[in-house]
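Below is model.cif, holding mmCIF, C-alpha atoms.
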data_query
loop_
_atom_site.group_PDB
_atom_site.id
_atom_site.type_symbol
_atom_site.label_atom_id
_atom_site.label_comp_id
_atom_site.auth_asym_id
_atom_site.auth_seq_id
_atom_site.Cartn_x
_atom_site.Cartn_y
_atom_site.Cartn_z
ATOM 1 C CA MET L 1 10.973 41.811 6.537
ATOM 2 C CA LYS L 2 7.814 39.885 7.399
ATOM 3 C CA GLU L 3 8.053 38.013 4.096
ATOM 4 C CA GLU L 4 11.577 36.877 4.954
ATOM 5 C CA THR L 5 10.426 35.651 8.365
ATOM 6 C CA ALA L 6 7.479 33.771 6.862
ATOM 7 C CA ALA L 7 9.740 32.164 4.272
ATOM 8 C CA ALA L 8 12.246 31.168 6.949
ATOM 9 C CA GLN L 9 9.486 29.637 9.091
ATOM 10 C CA ALA L 10 8.089 27.737 6.109
ATOM 11 C CA GLY L 11 11.536 26.359 5.349
ATOM 12 C CA ALA L 12 12.065 25.375 8.966
ATOM 13 C CA GLN L 13 8.718 23.567 9.097
ATOM 14 C CA GLU L 14 9.625 21.541 6.027
ATOM 15 C CA SER L 15 12.682 20.168 7.856
ATOM 16 C CA LEU L 16 10.658 19.071 10.901
ATOM 17 C CA PRO L 17 9.613 15.426 10.998
ATOM 18 C CA ALA L 18 6.102 14.776 9.712
ATOM 19 C CA PHE L 19 3.869 11.936 10.814
ATOM 20 C CA THR L 20 0.721 10.283 9.545
ATOM 21 C CA LYS L 21 -2.674 10.377 11.208
ATOM 22 C CA GLN L 22 -2.232 6.763 12.313
ATOM 23 C CA GLN L 23 1.113 7.527 13.971
ATOM 24 C CA PHE L 24 -0.476 10.333 15.982
ATOM 25 C CA LEU L 25 -3.365 8.080 17.012
ATOM 26 C CA GLU L 26 -0.889 5.475 18.283
ATOM 27 C CA SER L 27 1.280 8.073 20.034
ATOM 28 C CA LYS L 28 1.407 8.530 23.805
ATOM 29 C CA LEU L 29 1.769 12.275 23.249
ATOM 30 C CA PHE L 30 -1.996 12.908 23.198
ATOM 31 C CA THR L 31 -4.865 11.970 25.505
ATOM 32 C CA ALA L 32 -7.708 9.695 24.419
ATOM 33 C CA GLN L 33 -9.975 12.727 23.994
ATOM 34 C CA GLN L 34 -7.391 14.508 21.848
ATOM 35 C CA LYS L 35 -6.965 11.374 19.728
ATOM 36 C CA ASP L 36 -10.732 11.274 19.118
ATOM 37 C CA LEU L 37 -10.508 14.856 17.910
ATOM 38 C CA LEU L 38 -7.473 14.102 15.735
ATOM 39 C CA ASN L 39 -9.300 11.178 14.183
ATOM 40 C CA ALA L 40 -11.957 13.624 12.975
ATOM 41 C CA LEU L 41 -9.633 16.513 12.027
ATOM 42 C CA LEU L 42 -6.763 14.805 10.220
ATOM 43 C CA GLU L 43 -6.784 13.274 6.747
ATOM 44 C CA ASP L 44 -5.648 9.656 6.338
ATOM 45 C CA GLU L 45 -3.151 10.206 3.514
ATOM 46 C CA GLU L 46 -1.588 13.474 4.767
ATOM 47 C CA THR L 47 1.437 13.994 6.999
ATOM 48 C CA TYR L 48 1.614 16.575 9.769
ATOM 49 C CA THR L 49 4.197 18.021 12.129
ATOM 50 C CA THR L 50 3.535 17.793 15.841
ATOM 51 C CA ASP L 51 3.300 21.583 16.099
ATOM 52 C CA HIS L 52 0.730 21.722 13.298
ATOM 53 C CA VAL L 53 -1.418 19.057 14.998
ATOM 54 C CA LYS L 54 -1.266 20.888 18.330
ATOM 55 C CA GLN L 55 -2.320 24.107 16.562
ATOM 56 C CA GLN L 56 -5.265 22.328 14.949
ATOM 57 C CA ILE L 57 -6.419 21.040 18.336
ATOM 58 C CA GLU L 58 -6.149 24.526 19.877
ATOM 59 C CA GLN L 59 -8.003 26.157 16.979
ATOM 60 C CA TYR L 60 -10.807 23.631 17.196
ATOM 61 C CA LEU L 61 -11.183 24.042 20.960
ATOM 62 C CA LYS L 62 -11.241 27.857 20.669
ATOM 63 C CA LYS L 63 -13.771 27.828 17.839
ATOM 64 C CA ALA L 64 -17.062 29.563 18.657
ATOM 65 C CA VAL L 65 -20.056 27.332 19.186
ATOM 66 C CA GLU L 66 -22.715 27.803 16.533
#

Take the structure in the file and give it back as structure tokens.
Amino acid sequence: MKEETAAAQAGAQESLPAFTKQQFLESKLFTAQQKDLLNALLEDEETYTTDHVKQQIEQYLKKAVE
């Protein structure tokens, strides 16, 4: 059952629009501080969904300080 759900979610994510790092940096969706973080976290040649980028920001902010 979990495998079916994971497969369905993966298929749904593929149909979501994906954007480049540059498009996110030019977007009004994120603050200047978030854009600085995205500039460091995202790869230039990759595309990302908005949900994936928001998850990356959250994961980075919740990461334990070493």

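Using only C-alpha atoms, the protein and nucleic acid residues lying no more than 8 Å from range 36-53 of chain L, apart from those fewer than 3 places from it along its own chain, are Gln13, Leu16, Pro17, Ala18, Phe19, Thr20, Lys21, Gln22, Phe24, Leu25, Ala32, Gln33, Gln56 and Ile57 of chain L.
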
Please dump the current selection as a compact mmCIF listing (two decimals), keeping the file's coordinate frame; keep C-alpha atoms.
# COMPACT_ATOMS: atom_id res chain seq x y z
CA GLN L 13 8.72 23.57 9.10
CA LEU L 16 10.66 19.07 10.90
CA PRO L 17 9.61 15.43 11.00
CA ALA L 18 6.10 14.78 9.71
CA PHE L 19 3.87 11.94 10.81
CA THR L 20 0.72 10.28 9.54
CA LYS L 21 -2.67 10.38 11.21
CA GLN L 22 -2.23 6.76 12.31
CA PHE L 24 -0.48 10.33 15.98
CA LEU L 25 -3.36 8.08 17.01
CA ALA L 32 -7.71 9.70 24.42
CA GLN L 33 -9.98 12.73 23.99
CA GLN L 56 -5.26 22.33 14.95
CA ILE L 57 -6.42 21.04 18.34

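Going from CA of Tyr60 in chain L to CA of Gln34 in chain L covers 10.8 Å.
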
Please put the answer as lines of an AutoDock Vina configuration file: centre and edge lengths, in Å with one decimal, of a box along x, y and z that encloses all listed atoms of range 31-37 of chain L plus 3 Å on each side.
center_x = -7.8
center_y = 12.3
center_z = 21.7
size_x = 11.9
size_y = 11.2
size_z = 13.6
